[in-house]
Amino acid sequence: MIKAIGINREHENILDTYILTICESMKEVATETKYNNFLDVVEIIIKYHNEYGEKKLGAYSDFMSIIPTNLTSCFSGFLAGVETNKNRSACSVYKTLLTELSYKIIDDLEQLKIEKD
């Protein structure tokens, strides 16, 4: 998987941890094929984020919110698609925990300083 580009090392560390947490969580509730499809979508989101930042396509706040906003929608939709009677409670727990993590990430990103390391 490609690495998300941040405004500084702290930003990159926050994004790396967030992305890894979501991906590892989705691995727990899906078949290998569906999980690999999920990773394909995550990679598209990261590429969009990186291109948006490199080309300075829009506002700073938009750039900072691309990954948390899109990954939240991505994992929510994914969980709805892979939920079965057998994994329903796990999907529900992951959705709740990861949504809360997304809110925390957005708060953390709002506190970052703009300077590049």
# chains A, B, ... in the order shown; residues from 1 in each chain; ligands from 1
>>> closest_atom_pairs(of="stretch 2-31 of chain A", to="stretch 72-90 of chain A", cutoff="8 Å", atoms="only C-alpha atoms", output="Markdown table")
| residue | atom | partner | partner_atom | distance |
| --- | --- | --- | --- | --- |
| A:Ile22 | CA | A:Phe75 | CA | 7.5 |
| A:Met26 | CA | A:Phe75 | CA | 7.5 |
| A:Val29 | CA | A:Asn87 | CA | 6.7 |
| A:Ala30 | CA | A:Val82 | CA | 6.3 |
>>> residues_around(residues="stretch 48-65 of chain A", least_positions_apart="2", cutoff="7 Å", atoms="only C-alpha atoms", output="VMD selection string")
chain A and resid 4 to 5 44 to 46 67 to 69 106 109
>>> residues_around(residues="A:Leu39", least_positions_apart="3", cutoff="10 Å", atoms="only C-alpha atoms", output="PyMOL selection string")
chain A and resi 1+23+26-27+33-36+42-45
>>> atom_distance(atom1="atom CA of A:Leu71", atom2="atom CA of A:Ser102")
8.5 Å
